[in-house]
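Asks: Okay, handing you the structure first.
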Amino acid sequence: MARMTMIEAVRSAMDVAMGRDEDVVVFGEDVGYFGGVFRCTQGLQAKYGKTRCFDTPINESGIVGTAIGMAAYGLKPCVEIQFADYMYPAYDQLTQEAARIRYRSNGDFTCPIVVRMPTGGGIFGGQTHSQSPEALFTHVCGLKVVVPSNPYDAKGLLIAAIEDPDPVMFLEPKRLYNGPFDGHHERPVTPWSKHELSDVPDDYYSIPIGKAEVRRQGSAVTVIAYGTMVHVALAAAEDTGIDAEVIDLRSLLPLDLDAIVKSVSKTGRCVVVHEATLTSGFGGEIAALVQEHCFYHLEAPVMRVAGWDTPYPHAQEWDYFPGPARVGRALTDVMEA
Amino acid sequence: MARMTMIEAVRSAMDVAMGRDEDVVVFGEDVGYFGGVFRCTQGLQAKYGKTRCFDTPINESGIVGTAIGMAAYGLKPCVEIQFADYMYPAYDQLTQEAARIRYRSNGDFTCPIVVRMPTGGGIFGGQTHSQSPEALFTHVCGLKVVVPSNPYDAKGLLIAAIEDPDPVMFLEPKRLYNGPFDGHHERPVTPWSKHELSDVPDDYYSIPIGKAEVRRQGSAVTVIAYGTMVHVALAAAEDTGIDAEVIDLRSLLPLDLDAIVKSVSKTGRCVVVHEATLTSGFGGEIAALVQEHCFYHLEAPVMRVAGWDTPYPHAQEWDYFPGPARVGRALTDVMEA
Amino acid sequence: MVDTGHLSLHVPEPAVRPGGQPDFSNVKIARAGAVPRPDVDAAAEDIRDLAYSIIRVLNRDGEAVGPWAGLLSDDDLRTGLRHMMTLRAFDARMLMAQRQGKTSFYMQHLGEEAVSCAFRKALNKGDMNFPTYRQAGLFIADDYPMVEMMNQIYSNESDPLRGRQLPIMYSSKDHGFFTISGNLATQYVQAVGWAMASAIKNDSRIAAAWIGDGSTAESDFHSALVFASTYRAPVILNVVNNQWAISTFQGIARGGSGTFAARGLGFGIPALRVDGNDYLAVHAVACWAAERARRNLGPTLIEYVTYRVGAHSTSDDPSAYRPKTESEAWPLGDPVLRLKKHLILRGLWSEERHVQAEAEITDEVIAAQRKAEEHGTMHAGGRPSVRDIFEGVYAEMPPHLRRQRQKAGY
Amino acid sequence: MVDTGHLSLHVPEPAVRPGGQPDFSNVKIARAGAVPRPDVDAAAEDIRDLAYSIIRVLNRDGEAVGPWAGLLSDDDLRTGLRHMMTLRAFDARMLMAQRQGKTSFYMQHLGEEAVSCAFRKALNKGDMNFPTYRQAGLFIADDYPMVEMMNQIYSNESDPLRGRQLPIMYSSKDHGFFTISGNLATQYVQAVGWAMASAIKNDSRIAAAWIGDGSTAESDFHSALVFASTYRAPVILNVVNNQWAISTFQGIARGGSGTFAARGLGFGIPALRVDGNDYLAVHAVACWAAERARRNLGPTLIEYVTYRVGAHSTSDDPSAYRPKTESEAWPLGDPVLRLKKHLILRGLWSEERHVQAEAEITDEVIAAQRKAEEHGTMHAGGRPSVRDIFEGVYAEMPPHLRRQRQKAGY
Ligand SMILES: Cc1ncc(C[n+]2csc(CCOP(=O)(O)OP(=O)(O)O)c2C)c(N)n1
Ligand SMILES: Cc1ncc(C[n+]2csc(CCOP(=O)(O)OP(=O)(O)O)c2C)c(N)n1
Ligand SMILES: [Mg+2]
Ligand SMILES: [Mg+2]
C-alpha cells in the first residue's frame with residue numbers, strides 16, 4: 001500500500017498489467033523514452049523494453065488504427081492520446097472501427113484496446129487542452145467510457161479496462177492528476193496524499209466497469225457527477241450545507257442506472273454536473289433517464305450544471321469552469337423549486 | 001413553381017445559390033461530372049464550369065479542410081460528404097476548425113461553409129450507409145445543424161445555410177429523397193409529387209434556420225421529430241388515432257425551444273423520436289430540456305423512441321428502424337402513463 | 001516581386017467521356033520481361049524506377065518471359081486459372097441474384113480477378129489480409145466455401161455474420177481475411193498494426209493491406225505508410241489501381257505523381273508497379289514482397305495496374321461517366337484470357353478443357369447457391385434473428401441493451 | 001515458401017540520449033553553393049535530387065556563394081538581421097514574463113529565427129500564411145505591432161482575441177496570418193484550400209502552409225499534398241524540421257525516408273531542402289517557390305533543416321530526453337550569428353553596431369511590453385470580459401447562448 005497521485009496510480013496500473021500479461025503494450029506520442037508529457041508512462045520503457053512501450057509518430061488515427069490491428073492479432077494495446085482534444089483525428093478509427101469490429105465480424109475478431117486521454121480544464125490550457133469529449137463516445141455503441149475521480153479508482157478501473165475484451169475510452173481528468181481539485185481555485189492546492197483514496201495497493205486489483213459509487217450519503221438531493229466534478233459537487237454540498245447525496249458514476253457506458261434510480265427515488269431531486277458543454281452533453285442523457293425512471297418521485301425538474309456552450313476560453317477559465325458556486329446555486333435552486 | 005423531389009429541391013437550391021453568388025462553389029466525391037451518387041449536383045458542373053463544381057479525391061478531411069481555407073479566403077463552399085457515415089475522417093476539421101475559426105480569431109476569419117450529407121437508413125445500406133450522426137454535431141458549439149423533412153424546406157433551408165455566415169451541417173434523410181417515407185415499408189412507395197410540400201418555387205427563397213414547424217395540430221401529446229421521423233410520427237398518429245401534435249424541428253442547433261415549450265405546455269405529454277441510437281442521442285437533450293422547462297405541465301415522463309444502441313444491421317433493418325408501430329406504442333404508453 | 005498573370009485552378013479530367021473514343025495512349029506500358037528483378041534486400045533508393053514502370057511476365061503471345069517468370073508449377077497455373085474462372089462465375093451468379101432481389105447489393109471483380117487470386121498464393125496459412133470489398137479472390141484461392149460467402153450475401157439464417165453486414169463484407173480469421181469495413185482506408189493502417197504485433201511477438205506471420213486507387217487519397221493511407229516506414233512493419237501494402245473510383249478517374253487521386261506506387265518513395269518504402277491482369281506477374285511480385293516482409297526487411301508497396309470492367313457496384317451505372325467500350329480498349333487485356341492463352345501455349349490447357357472447366361465451375365457455383373438458398377435469401381426463407389441485432393455489440397450484453405432487446409420482444 | 005527467421009520490431013532511436021555525447025555525424029550537409037538552382041518551371045521529376053541535399057548560401061566564412069545567392073539588397077540583409085534579433089529579444093522577454101507569472105504559457109523560436117523571418121520577405125501583401133505556433137517571425141518581419149502580440153500573450157483587456165486563445169495563438173488577416181490552431185496539421189490543408197480559392201477567382205495571391213517535422217505524420221499533411229498535387233494549388237508547403245517534436249526525435253516521424261522533403265516526391269510536387277539557419281538560403285528558396293506558385297506552376301514543398309535550441313514550450317524540459325549540449329553541436333550554427341558574420345564580412349555591419357542594435361531592440365521590446373502591461377497581464381490588471389466568452393461562437397448569438405450568458409451574470 002502506498003500513497004499515490006493519480007499519475008502514479010495510472011502508471012502503476014500499466015506496470016502491473018504489463019508485468020502480468022506479455023501481450024499488453026503501451027504506446028503514444030512521447031510515451032516511450034520520456035514517459036509521456038504528464039509522465040504517466042515514465043519508467044515503463046526502461047522496464048519492459050522498446051517494443052512494449054514506445055514513441056509513435058504524431059498521428060492519432062495511426063495510433064488507434066495500429067492498436068486495432070494489434071488487438072486483432074491478439075495483443076492488448078493501451079495507448080495514450082496526449083490530450084483528449086487531439087482524439088478527433090482518431091475519431092473514425094475509434095467509432096467506426098474499434099467499436100464495430102466485434103459486431104461486424106460476429107466475434108471472429110475483437111478489439112480489446114484501451115485509449116487513455118487526459119480531459120478537462122483548470123490548467124489554463126485554452127480550448128485545445130481542456131476538452132471533455134465523453135458525450136462523443138457515449139453516443140457510440142460498442143465503446144465503454146470510464147472516468148475515474150481518484151487514484152484508487154484510476155488504478156483499479158484501468159486494470160479492468162486493459163483486461164476488458166472490448167474497447168474502453170479511459171478519460172483522465174488532468175486537473176486531478178496531482179490533487180483532489182474541488183474547484184476552489186483560489187485556495188491552495190491539496191495534494192492527494194491527504195486524501196484517503198490515494199491509498200493504493202501496489203499490486204493487482206481491479207474495479208468492475210459499470211458500477212457507480214456514492215461519495216456522500218444525503219437525503220435532500222442527488223448530485224450525479226464524474227471525474228473532477230465529483231470533488232466540486234462535494235465542495236458545493238459543504239459550502240451550501242445542503243444534504244446532497246453525491247454519486248460518482250465512474251463509468252458512463254455502461255451506466256449504473258440502478259444506483260441513480262435508487263438515489264433519486266429517495267431524494268426526489270437531482271442535479272447533474274459535468275464540465276463538458278451543456279447542449280447534447282452526457283447530462284442530457286442522464287436527465288432524460290432520471291425523469292423517465294423517477295418521474296413520480298421527482299419534486300423538481302432535474303437540473304444540469306455544465307460548461308457553457310462555447311469553446312473553453314483561456315483567460316476566463318474560472319468563469320467558464322462549473323465550480324462550486326455554480327453547482328451550489330443549482331442545489332439551492334432545485335431545493336427551492 | 002414545380003413539383004420537386006427532395007433531390008431536385010436540393011439541386012435547385014445549389015443552382016439558385018450558385019447563380020446568385022459567384023463565390024458559391026460545390027465539390028465532393030463524384031459530385032462533378034457525374035453529379036453525385038444521389039445525383040444532387042447533376043448538371044451543376046455543366047452549367048457553372050469545372051472550377052465551381054468539381055470532383056475531389058476521396059478524403060473527407062481534405063474536402064472540409066480545403067472548404068475551410070476557401071471560406072477564409074472569402075468563398076462560400078457547399079460541399080458534399082457522400083454518406084454521413086463517412087464524415088468521421090472530417091470530424092476534426094468540422095468540430096475543431098470550422099466550428100472554431102470565428103471564435104478563436106475573434107471574427108477576423110470566418111467559416112461560412114455548408115456540409116451536406118445523406119443520413120439515415122431504410123435503404124438496406126447496412127451500418128455504413130445508414131447512420132444519423134446529428135448528436136455528434138449538436139454537442140459542438142459553433143456549428144449549426146439542419147435536417148429538412150421535405151422538398152420545400154430542403155430548398156429554403158439549404159439556401160439559408162449557404163447564406164449563413166457560420167458553418168452549417170446539412171443532413172439530408174436519404175430515405176426521403178424520392179418520397180415522404182412514413183416507415184410503412186410494407187406499403188408501396190408514395191412519390192413526392194403527391195405531397196403538397198413538393199410544391200417548390202423555381203426561384204430564390206429561404207427559410208430561417210432555427211424555427212420549427214408544427215406539422216399536425218393536436219392536443220393529447222407532443223411528438224418532437226425531424227427528418228424521416230416526422231412522417232413516421234404523422235403515420236403513428238393516424239394509426240393510433242391519438243391526437244398528437246407533431247413538431248418538425250427542422251433545425252436542431254439552434255433549437256426552437258419556444259415552439260417545444262409552447263406545445264408541451266399545452267399537451268402535457270411528450271414523445272421524442274429519432275432514428276439515431278438512443279443513448280446520448282439528441283433526444284436526450286430534448287427530453288432534458290422539456291422536463292426542465294415544462295416540469296409542472298408534464299403528466300407523464302417524456303418518452304424517447306430511437307434506433308437501438310447497436311450498429312445499423314443490414315438484414316434486420318425493419319426491426320431496427322423506429323417505425324410507426326414503435327412510435328405508436330410510445331404514444332399509447334405515454335397516454336396511459 | 002515577380003510580375004505574374006492570373007492564377008487558374010487545374011481540375012484533372014479523364015481523356016475521354018461518354019460519346020468519345022476510348023483512349024489509353026497515355027498509359028505507358030513496359031514490354032513483358034523488361035523490368036529487372038532486384039534482390040529482396042535491395043535498398044529502396046536503388047530501385048525507385050520500379051515505381052514508374054510496369055512489371056510484366058506474360059507477353060502478347062502468351063509466353064512467360066523475363067526475370068519475374070518461372071515461380072509457378074504447371075499445377076499452380078491451372079489452379080490459378082480455375083480460381084479466376086470461379087471468381088468470375090461467382091460474380092456473375094451473384095450479380096444475377098441481386099437483380100432477382102435475392103440480395104440487396106453486390107460488387108464484382110470483373111477484369112481484376114488476377115490480383116486477389118494470385119496474391120493469395122504468395123501468403124502462408126496464418127498470414128492476415130485486410131481486404132477491401134474487391135478481393136474475394138483471397139477467399140476463392142484459399143478454398144473458403146462459396147456457400148458461406150453466399151450465406152453472407154443473402155443475409156440468411158446461416159450467414160456467419162448474422163445479417164449485420166452489407167453483402168460481400170465478409171470476415172474469416174481462419175482464412176486470414178479481416179472483417180471488411182465500409183469506411184475506406186481504415187483497414188490499411190490496421191494491417192500495419194497487425195504486422196507490428198507479429199514483429200513485437202517475434203512471430204513469422206505477415207500482413208497484407210489492401211486499398212483502391214481512389215482510396216489512397218484517404219488519410220489512413222498516410223498513417224499506414226508512416227507507421228510501416230518507421231517501424232519497418234512486415235506488411236505488404238497493396239494498391240489496386242483499377243482506373244476508377246466510382247465515377248472518378250484515377251487522375252483525381254493520383255494528382256501530379258506519375259503513379260500510385262510513387263507514393264511509397266517519399267517514405268523510403270520499396271514500391272513496385274505490376275501488370276494487375278497478369279497472374280504470373282502479380283504472383284511473382286507478391287512473393288518478392290512477402291519474402292521481404294518475412295525476412296524482416298520491412299514493408300513493400302505494390303501498385304496493381306488493372307481495370308474495373310464492371311460497374312462500381314449494383315448501385316452504379318458507369319455509362320453515365322465513361323465510354324461504354326472503354327474496357328475493350330484497355331491495353332492490359334483480360335486476366336483470364338491471358339492465363340488461358342499461356343496455358344494453351346504451354347500445352348497445359350485447351351479450348352475444350354476450358355469450356356469443360358467453365359461448365360464444371362458453373363455447376364459448382366450453382367450447387368453452392370442452391371445450398372445457400374436452402375437457408376434463405378434476403379427477403380425469403382430463413383433469416384437471422386432480431387436477437388442478433390443486440391448480440392455482439394459487446395462481449396457481454398450491458399443492462400441497457402438487454403432492456404432494449406426485451407423491448408424489441410426478444 | 002521462404003524459410004525465415006523471426007520477425008522483430010524496429011523502433012528508431014536518436015543517436016544520443018542524456019548522458020551521451022551529442023553526435024550529428026549522420027547529418028549529411030552539402031557545401032554552401034553546391035546545389036544547383038533549376039528554373040522554376042523545371043519538371044518535378046528532373047529535380048528530385050533537391051529533396052535529398054541541402055541548399056545553402058552562407059558558407060563557413062560567412063560568404064554568400066552559389067546559384068541561390070544574390071537576391072537581397074544590403075538594406076534587406078540588415079533588416080533581416082534586425083528581424084531575427086527582434087524575434088529573439090521578444091522571445092527572451094516573454095519567456096521571462098511567463099516565469100514571472102504574467103502569462104500562462106509561451107513558445108520560443110530560439111535557433112529557428114531565420115525560417116519565418118526570411119520567408120515573410122518572399123511574400124506579398126495579401127498572401128496568406130497558415131502558421132503553426134513557431135512562426136512569429138512572420139509577424140515581426142511584417143511589422144505587426146509587438147504590443148498586439150503581447151496583448152494576446154497576456155490575455156489582457158486589449159487582447160485582440162479577447163482572452164479566448166492560448167498565448168501565442170495569434171491571428172491577423174491584415175498581416176496574412178491565419179488564426180493558429182492548437183490541433184496540429186489541420187491548417188496545412190486549409191492553406192491548400194485558400195490557394196485553390198485564389199486560383200478559382202483568378203486572383204494572384206498565394207498561400208503558405210506551415211508544419212513541423214513531427215506533425216508531418218498527421219493525416220492532414222497527406223490531405224494537403226493530395227489536394228495541392230491534384231489541383232496544382234498556388235501554395236508553398238513548408239516543413240520546419242527542427243529535429244524534435246517535444247521529446248520525440250525526427251526519426252520517428254520521418255521513418256525510412258531520407259528526408260521530409262522526400263515526402264513531396266510521391267506526389268509529383270517539387271521538393272527542396274534548405275539550410276534553415278541560413279537567412280539567405282531560406283529567402284532564396286522561398287522566392288523560388290513563390291514565383292512557381294504565382295506563375296500558376298503549382299505547389300512546392302520546402303523542408304527547412306534547423307534545430308529547436310530551446311524547450312518545446314514553457315511546459316517542457318528537454319534535459320530529460322536529449323543531451324543538454326546538443327544544440328551546441330548542431331552543425332548548421334546560429335542563424336543570427338551567421339547573418340551577422342556575413343554582414344560584417346561585407347562591411348555592412350560591425351560588432352559595435354550589433355551591440356548597439358541589441359540594446360535598441362531590447363528597448364523597443366521593453367517599451368512594447370510596458371505598453372502592453374498597462375492593459376493588464378494574465379492575472380493582474382485589465383482583462384477581457386466574461387461576456388467575451390459568449391460572443392463570437394456564432395455571428396449572431398442564438399437564444400440558448402444568450403440564456404447562458406445571462407446566467408453567468410452578463
Ligand atoms: C470514408 C469513405 N468515403 C467514401 C466512401 C464511398 N465510397 C465507397 S467505394 C468508393 C470508391 C473507392 O474507389 P477505389 O478506392 O478506387 O476502389 P474501387 O472501388 O475502384 O475498387 C467511395 C467513394 C466510403 N465507403 N468511405
Ligand atoms: C492533433 C495533435 N496531436 C498532438 C498535439 C500535441 N503536440 C503539440 S506540439 C507537438 C509536437 C509537434 O512537433 P513538430 O511538428 O516537430 O513542431 P515543433 O514543436 O518542433 O515546432 C505535439 C505532439 C497537438 N497539439 N495536436
Ligand atoms: Mg478504383
Ligand atoms: Mg519539430
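Residue numbering restarts at 1 in every chain; chains get A, B, ... in the order shown in the C-alpha cells, and ligands count up from 1 in that same order.
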Skip Pro234 of chain C itself and residues of its chain fewer than 4 positions away, then list as an MDAnalysis selection string all residues within 12 Å of it, counting only C-alpha atoms.

Replies: (chainID C and resid 127:128 191:200 202:209 227:230 269 289:301) or (chainID D and resid 6:10)

Asks: Compute the chain B side of the contact with chain C at 8 Å, counting only C-alpha atoms, and hand it back as a PyMOL selection string.

Replies: chain B and resi 29-30+33-34+50-51+54-61+85-86+89+124-128+308-316+319-320

Asks: Which residues are close to His184 of chain A, i.e. within 9 Å by only C-alpha atoms, leaving aside same-chain residues fewer than 6 positions away? Reply as a list in words.

Replies: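 Counting only the stated atoms, we get Val232, Ala235, Gly323, Pro324 and Ala325 of chain A.
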
Asks: Which neighbours of Gly281 of chain B fall inside 8 Å, counting only C-alpha atoms, when residues of the same chain fewer than 6 positions from it are skipped, and could you give them as a ChimeraX atom specification?

Replies: /A:139,280,285 /B:135

Asks: Go ahead and dump the residues you just picked, N, CA and C atoms, as an mmCIF file, in the first residue's frame.

Replies:
data_model
loop_
_atom_site.group_PDB
_atom_site.id
_atom_site.type_symbol
_atom_site.label_atom_id
_atom_site.label_comp_id
_atom_site.auth_asym_id
_atom_site.auth_seq_id
_atom_site.Cartn_x
_atom_site.Cartn_y
_atom_site.Cartn_z
ATOM 1 N N HIS A 139 -22.316 8.216 -27.126
ATOM 2 C CA HIS A 139 -23.307 8.020 -28.189
ATOM 3 C C HIS A 139 -22.911 6.862 -29.114
ATOM 4 N N SER A 280 -26.439 18.726 -25.589
ATOM 5 C CA SER A 280 -26.119 17.385 -26.068
ATOM 6 C C SER A 280 -24.984 16.736 -25.281
ATOM 7 N N GLU A 285 -28.507 13.011 -21.375
ATOM 8 C CA GLU A 285 -28.899 11.597 -21.301
ATOM 9 C C GLU A 285 -29.317 11.239 -19.884
ATOM 10 N N ALA B 135 -26.259 14.013 -33.323
ATOM 11 C CA ALA B 135 -25.890 14.348 -31.943
ATOM 12 C C ALA B 135 -24.389 14.592 -31.806
#

Asks: List every residue of segment 103-301 of chain D that DSSP, applied to the backbone, labels as strand (DSSP E or B), and write the result as a compact mmCIF listing (two decimals) with all heavy atoms, in the first residue's frame.

Replies:
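Below you can see states_31.txt, which holds the result:
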# COMPACT_ATOMS: atom_id res chain seq x y z
N MET D 128 -1.35 34.71 -47.91
CA MET D 128 -1.83 34.24 -46.61
C MET D 128 -1.00 33.08 -46.07
O MET D 128 -0.82 32.07 -46.74
CB MET D 128 -3.29 33.79 -46.72
CG MET D 128 -3.95 33.41 -45.41
SD MET D 128 -4.06 34.75 -44.19
CE MET D 128 -5.23 35.84 -45.00
N ASN D 129 -0.50 33.26 -44.85
CA ASN D 129 0.17 32.18 -44.14
C ASN D 129 -0.81 31.40 -43.27
O ASN D 129 -1.73 31.99 -42.68
CB ASN D 129 1.25 32.74 -43.21
CG ASN D 129 2.48 33.17 -43.97
OD1 ASN D 129 3.24 32.34 -44.43
ND2 ASN D 129 2.63 34.49 -44.14
N PHE D 130 -0.60 30.13 -43.18
CA PHE D 130 -1.33 29.27 -42.23
C PHE D 130 -0.27 28.70 -41.28
O PHE D 130 0.21 27.59 -41.46
CB PHE D 130 -2.10 28.18 -42.98
CG PHE D 130 -3.29 28.71 -43.71
CD1 PHE D 130 -3.14 29.46 -44.88
CD2 PHE D 130 -4.57 28.51 -43.22
CE1 PHE D 130 -4.24 29.98 -45.54
CE2 PHE D 130 -5.69 29.02 -43.88
CZ PHE D 130 -5.52 29.77 -45.04
N SER D 172 -4.16 37.37 -37.54
CA SER D 172 -4.33 38.68 -38.16
C SER D 172 -4.47 38.56 -39.67
O SER D 172 -3.51 38.30 -40.38
CB SER D 172 -3.16 39.61 -37.84
OG SER D 172 -3.29 40.79 -38.62
N PHE D 177 -1.91 36.30 -41.70
CA PHE D 177 -1.54 35.34 -40.65
C PHE D 177 -2.83 34.68 -40.17
O PHE D 177 -3.61 35.27 -39.41
CB PHE D 177 -0.86 36.13 -39.52
CG PHE D 177 -0.10 35.30 -38.52
CD1 PHE D 177 1.30 35.25 -38.58
CD2 PHE D 177 -0.76 34.60 -37.52
CE1 PHE D 177 2.01 34.51 -37.63
CE2 PHE D 177 -0.04 33.85 -36.58
CZ PHE D 177 1.34 33.81 -36.63
N ALA D 207 -0.76 31.19 -51.07
CA ALA D 207 -0.82 30.79 -49.67
C ALA D 207 0.46 30.07 -49.28
O ALA D 207 1.17 29.53 -50.12
CB ALA D 207 -2.02 29.87 -49.44
N ALA D 208 0.73 30.09 -47.99
CA ALA D 208 1.86 29.34 -47.44
C ALA D 208 1.38 28.51 -46.27
O ALA D 208 0.75 29.02 -45.35
CB ALA D 208 2.96 30.29 -46.99
N ALA D 209 1.65 27.22 -46.34
CA ALA D 209 1.27 26.29 -45.27
C ALA D 209 2.49 25.99 -44.42
O ALA D 209 3.61 25.92 -44.93
CB ALA D 209 0.74 25.00 -45.88
N TRP D 210 2.28 25.80 -43.14
CA TRP D 210 3.39 25.55 -42.20
C TRP D 210 3.13 24.33 -41.36
O TRP D 210 2.02 24.11 -40.89
CB TRP D 210 3.57 26.76 -41.28
CG TRP D 210 4.05 27.98 -41.99
CD1 TRP D 210 3.28 28.94 -42.58
CD2 TRP D 210 5.42 28.35 -42.22
NE1 TRP D 210 4.09 29.89 -43.16
CE2 TRP D 210 5.40 29.57 -42.95
CE3 TRP D 210 6.65 27.79 -41.88
CZ2 TRP D 210 6.57 30.22 -43.35
CZ3 TRP D 210 7.82 28.44 -42.27
CH2 TRP D 210 7.76 29.65 -43.00
N ILE D 211 4.18 23.58 -41.14
CA ILE D 211 4.05 22.38 -40.31
C ILE D 211 5.42 22.04 -39.74
O ILE D 211 6.45 22.39 -40.35
CB ILE D 211 3.47 21.21 -41.13
CG1 ILE D 211 2.75 20.18 -40.26
CG2 ILE D 211 4.57 20.54 -41.96
CD1 ILE D 211 1.88 19.22 -41.04
N GLY D 212 5.45 21.35 -38.61
CA GLY D 212 6.71 20.89 -38.03
C GLY D 212 7.05 19.48 -38.49
O GLY D 212 6.18 18.77 -39.02
N VAL D 235 0.42 27.17 -53.68
CA VAL D 235 0.70 27.15 -52.25
C VAL D 235 2.14 26.70 -52.03
O VAL D 235 2.67 25.89 -52.78
CB VAL D 235 -0.29 26.20 -51.53
CG1 VAL D 235 -0.16 24.76 -52.03
CG2 VAL D 235 -0.13 26.25 -50.00
N ILE D 236 2.76 27.26 -51.02
CA ILE D 236 4.09 26.80 -50.60
C ILE D 236 3.90 25.94 -49.35
O ILE D 236 3.35 26.40 -48.36
CB ILE D 236 5.03 27.98 -50.30
CG1 ILE D 236 5.03 28.95 -51.48
CG2 ILE D 236 6.44 27.48 -50.00
CD1 ILE D 236 5.87 30.20 -51.24
N LEU D 237 4.34 24.71 -49.45
CA LEU D 237 4.15 23.76 -48.36
C LEU D 237 5.44 23.68 -47.54
O LEU D 237 6.40 23.02 -47.94
CB LEU D 237 3.78 22.39 -48.94
CG LEU D 237 2.50 22.38 -49.80
CD1 LEU D 237 2.43 21.14 -50.69
CD2 LEU D 237 1.26 22.49 -48.92
N ASN D 238 5.45 24.39 -46.42
CA ASN D 238 6.66 24.47 -45.61
C ASN D 238 6.70 23.41 -44.52
O ASN D 238 5.72 23.23 -43.79
CB ASN D 238 6.74 25.84 -44.93
CG ASN D 238 6.88 26.96 -45.94
OD1 ASN D 238 7.77 26.93 -46.78
ND2 ASN D 238 5.98 27.94 -45.87
N VAL D 239 7.83 22.74 -44.40
CA VAL D 239 8.05 21.80 -43.30
C VAL D 239 9.26 22.29 -42.51
O VAL D 239 10.37 22.35 -43.05
CB VAL D 239 8.34 20.38 -43.81
CG1 VAL D 239 8.66 19.44 -42.64
CG2 VAL D 239 7.17 19.84 -44.62
N VAL D 240 9.04 22.66 -41.28
CA VAL D 240 10.15 23.11 -40.45
C VAL D 240 10.68 21.93 -39.64
O VAL D 240 10.06 21.49 -38.67
CB VAL D 240 9.72 24.25 -39.50
CG1 VAL D 240 10.93 24.74 -38.71
CG2 VAL D 240 9.08 25.39 -40.29
N ASN D 241 11.79 21.41 -40.09
CA ASN D 241 12.40 20.27 -39.40
C ASN D 241 13.41 20.78 -38.39
O ASN D 241 14.57 21.01 -38.70
CB ASN D 241 13.08 19.35 -40.42
CG ASN D 241 13.80 18.20 -39.73
OD1 ASN D 241 13.73 18.06 -38.51
ND2 ASN D 241 14.50 17.39 -40.50
N TRP D 244 13.15 17.98 -33.49
CA TRP D 244 12.42 17.46 -32.35
C TRP D 244 10.94 17.78 -32.43
O TRP D 244 10.54 18.82 -32.96
CB TRP D 244 13.00 18.01 -31.04
CG TRP D 244 14.36 17.45 -30.74
CD1 TRP D 244 15.56 18.00 -31.10
CD2 TRP D 244 14.65 16.19 -30.11
NE1 TRP D 244 16.58 17.17 -30.71
CE2 TRP D 244 16.07 16.04 -30.10
CE3 TRP D 244 13.86 15.17 -29.55
CZ2 TRP D 244 16.69 14.91 -29.55
CZ3 TRP D 244 14.49 14.06 -29.00
CH2 TRP D 244 15.89 13.95 -29.01
N ALA D 245 10.14 16.89 -31.87
CA ALA D 245 8.71 17.09 -31.67
C ALA D 245 8.48 16.77 -30.20
O ALA D 245 8.42 15.60 -29.82
CB ALA D 245 7.91 16.16 -32.57
N THR D 248 10.27 13.78 -28.96
CA THR D 248 10.40 12.74 -29.98
C THR D 248 11.31 13.22 -31.10
O THR D 248 11.03 14.25 -31.73
CB THR D 248 9.00 12.38 -30.52
OG1 THR D 248 8.17 12.02 -29.41
CG2 THR D 248 9.07 11.24 -31.50
N PHE D 249 12.36 12.48 -31.39
CA PHE D 249 13.30 12.93 -32.41
C PHE D 249 12.70 12.72 -33.79
O PHE D 249 11.77 11.93 -33.97
CB PHE D 249 14.66 12.25 -32.24
CG PHE D 249 14.84 10.94 -32.96
CD1 PHE D 249 15.81 10.80 -33.95
CD2 PHE D 249 14.03 9.85 -32.67
CE1 PHE D 249 15.98 9.59 -34.62
CE2 PHE D 249 14.19 8.65 -33.33
CZ PHE D 249 15.16 8.52 -34.31
N ALA D 271 10.26 19.38 -54.55
CA ALA D 271 10.58 19.43 -53.13
C ALA D 271 12.02 19.87 -52.94
O ALA D 271 12.93 19.30 -53.53
CB ALA D 271 10.35 18.07 -52.49
N LEU D 272 12.21 20.89 -52.13
CA LEU D 272 13.55 21.40 -51.88
C LEU D 272 13.87 21.26 -50.40
O LEU D 272 12.98 21.32 -49.55
CB LEU D 272 13.64 22.89 -52.23
CG LEU D 272 12.99 23.34 -53.53
CD1 LEU D 272 13.20 24.84 -53.71
CD2 LEU D 272 13.62 22.60 -54.70
N ARG D 273 15.15 21.10 -50.13
CA ARG D 273 15.59 21.04 -48.75
C ARG D 273 16.58 22.17 -48.57
O ARG D 273 17.47 22.36 -49.41
CB ARG D 273 16.28 19.70 -48.53
CG ARG D 273 16.22 19.23 -47.13
CD ARG D 273 16.29 17.71 -47.10
NE ARG D 273 16.58 17.29 -45.75
CZ ARG D 273 17.80 17.04 -45.29
NH1 ARG D 273 18.85 17.10 -46.08
NH2 ARG D 273 17.98 16.71 -44.02
N VAL D 274 16.44 22.90 -47.50
CA VAL D 274 17.25 24.11 -47.37
C VAL D 274 17.80 24.25 -45.96
O VAL D 274 17.18 23.80 -44.99
CB VAL D 274 16.41 25.35 -47.79
CG1 VAL D 274 15.18 25.51 -46.90
CG2 VAL D 274 17.24 26.62 -47.76
N ASP D 275 18.94 24.83 -45.87
CA ASP D 275 19.57 25.18 -44.59
C ASP D 275 18.69 26.23 -43.91
O ASP D 275 18.64 27.39 -44.32
CB ASP D 275 20.97 25.74 -44.89
CG ASP D 275 21.71 26.18 -43.64
OD1 ASP D 275 21.06 26.32 -42.57
OD2 ASP D 275 22.94 26.38 -43.74
N THR D 300 4.98 23.86 -54.12
CA THR D 300 6.36 23.46 -53.85
C THR D 300 6.43 23.04 -52.40
O THR D 300 5.81 23.69 -51.55
CB THR D 300 7.33 24.64 -54.06
OG1 THR D 300 7.11 25.21 -55.35
CG2 THR D 300 8.78 24.20 -53.92
N LEU D 301 7.15 21.99 -52.12
CA LEU D 301 7.37 21.60 -50.73
C LEU D 301 8.79 21.98 -50.34
O LEU D 301 9.73 21.71 -51.08
CB LEU D 301 7.14 20.10 -50.56
CG LEU D 301 7.08 19.58 -49.12
CD1 LEU D 301 6.12 18.39 -49.03
CD2 LEU D 301 8.43 19.16 -48.59

Asks: Can you pull out the residues contacting segment 153-155 of chain B? Cut-off 9 Å, using only C-alpha atoms, and skip same-chain residues under 3 positions away; I want them as a list in words.

Replies: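 Counting only the stated atoms, we get Met6, Ile7, Glu8, Ala9, Val10, Arg11, Ser12, Ala13, Met14, Val147, Pro148, Ser149, Asn150, Leu158, Ile159, Ala160, Glu172, Leu197, Val200, Tyr204, Tyr205, Ser206, Ile207 and Arg250 of chain B.
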
Asks: Please indicate the distance in Å from atom CA of Pro167 of chain A to atom 11 (C, counted along the ligand's line) of ligand 2, rounded to one decimal place.

Replies: 26.6 Å

Asks: Counting only C-alpha atoms and all ligand atoms, which residue out of A:Asp202, A:Glu317, A:Trp192, A:Gln93 sits closest to ligand 1?

Replies: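 Smallest distance to ligand 1 is found for A:Gln93.
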
Asks: Which residues are close to Pro38 of chain D, i.e. within 9 Å by only C-alpha atoms, leaving aside same-chain residues fewer than 3 positions away? Reply as a list in words.

Replies: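 With the cut-off at 9 Å, the set is Asp41, Ala42 and Ile47 of chain D.
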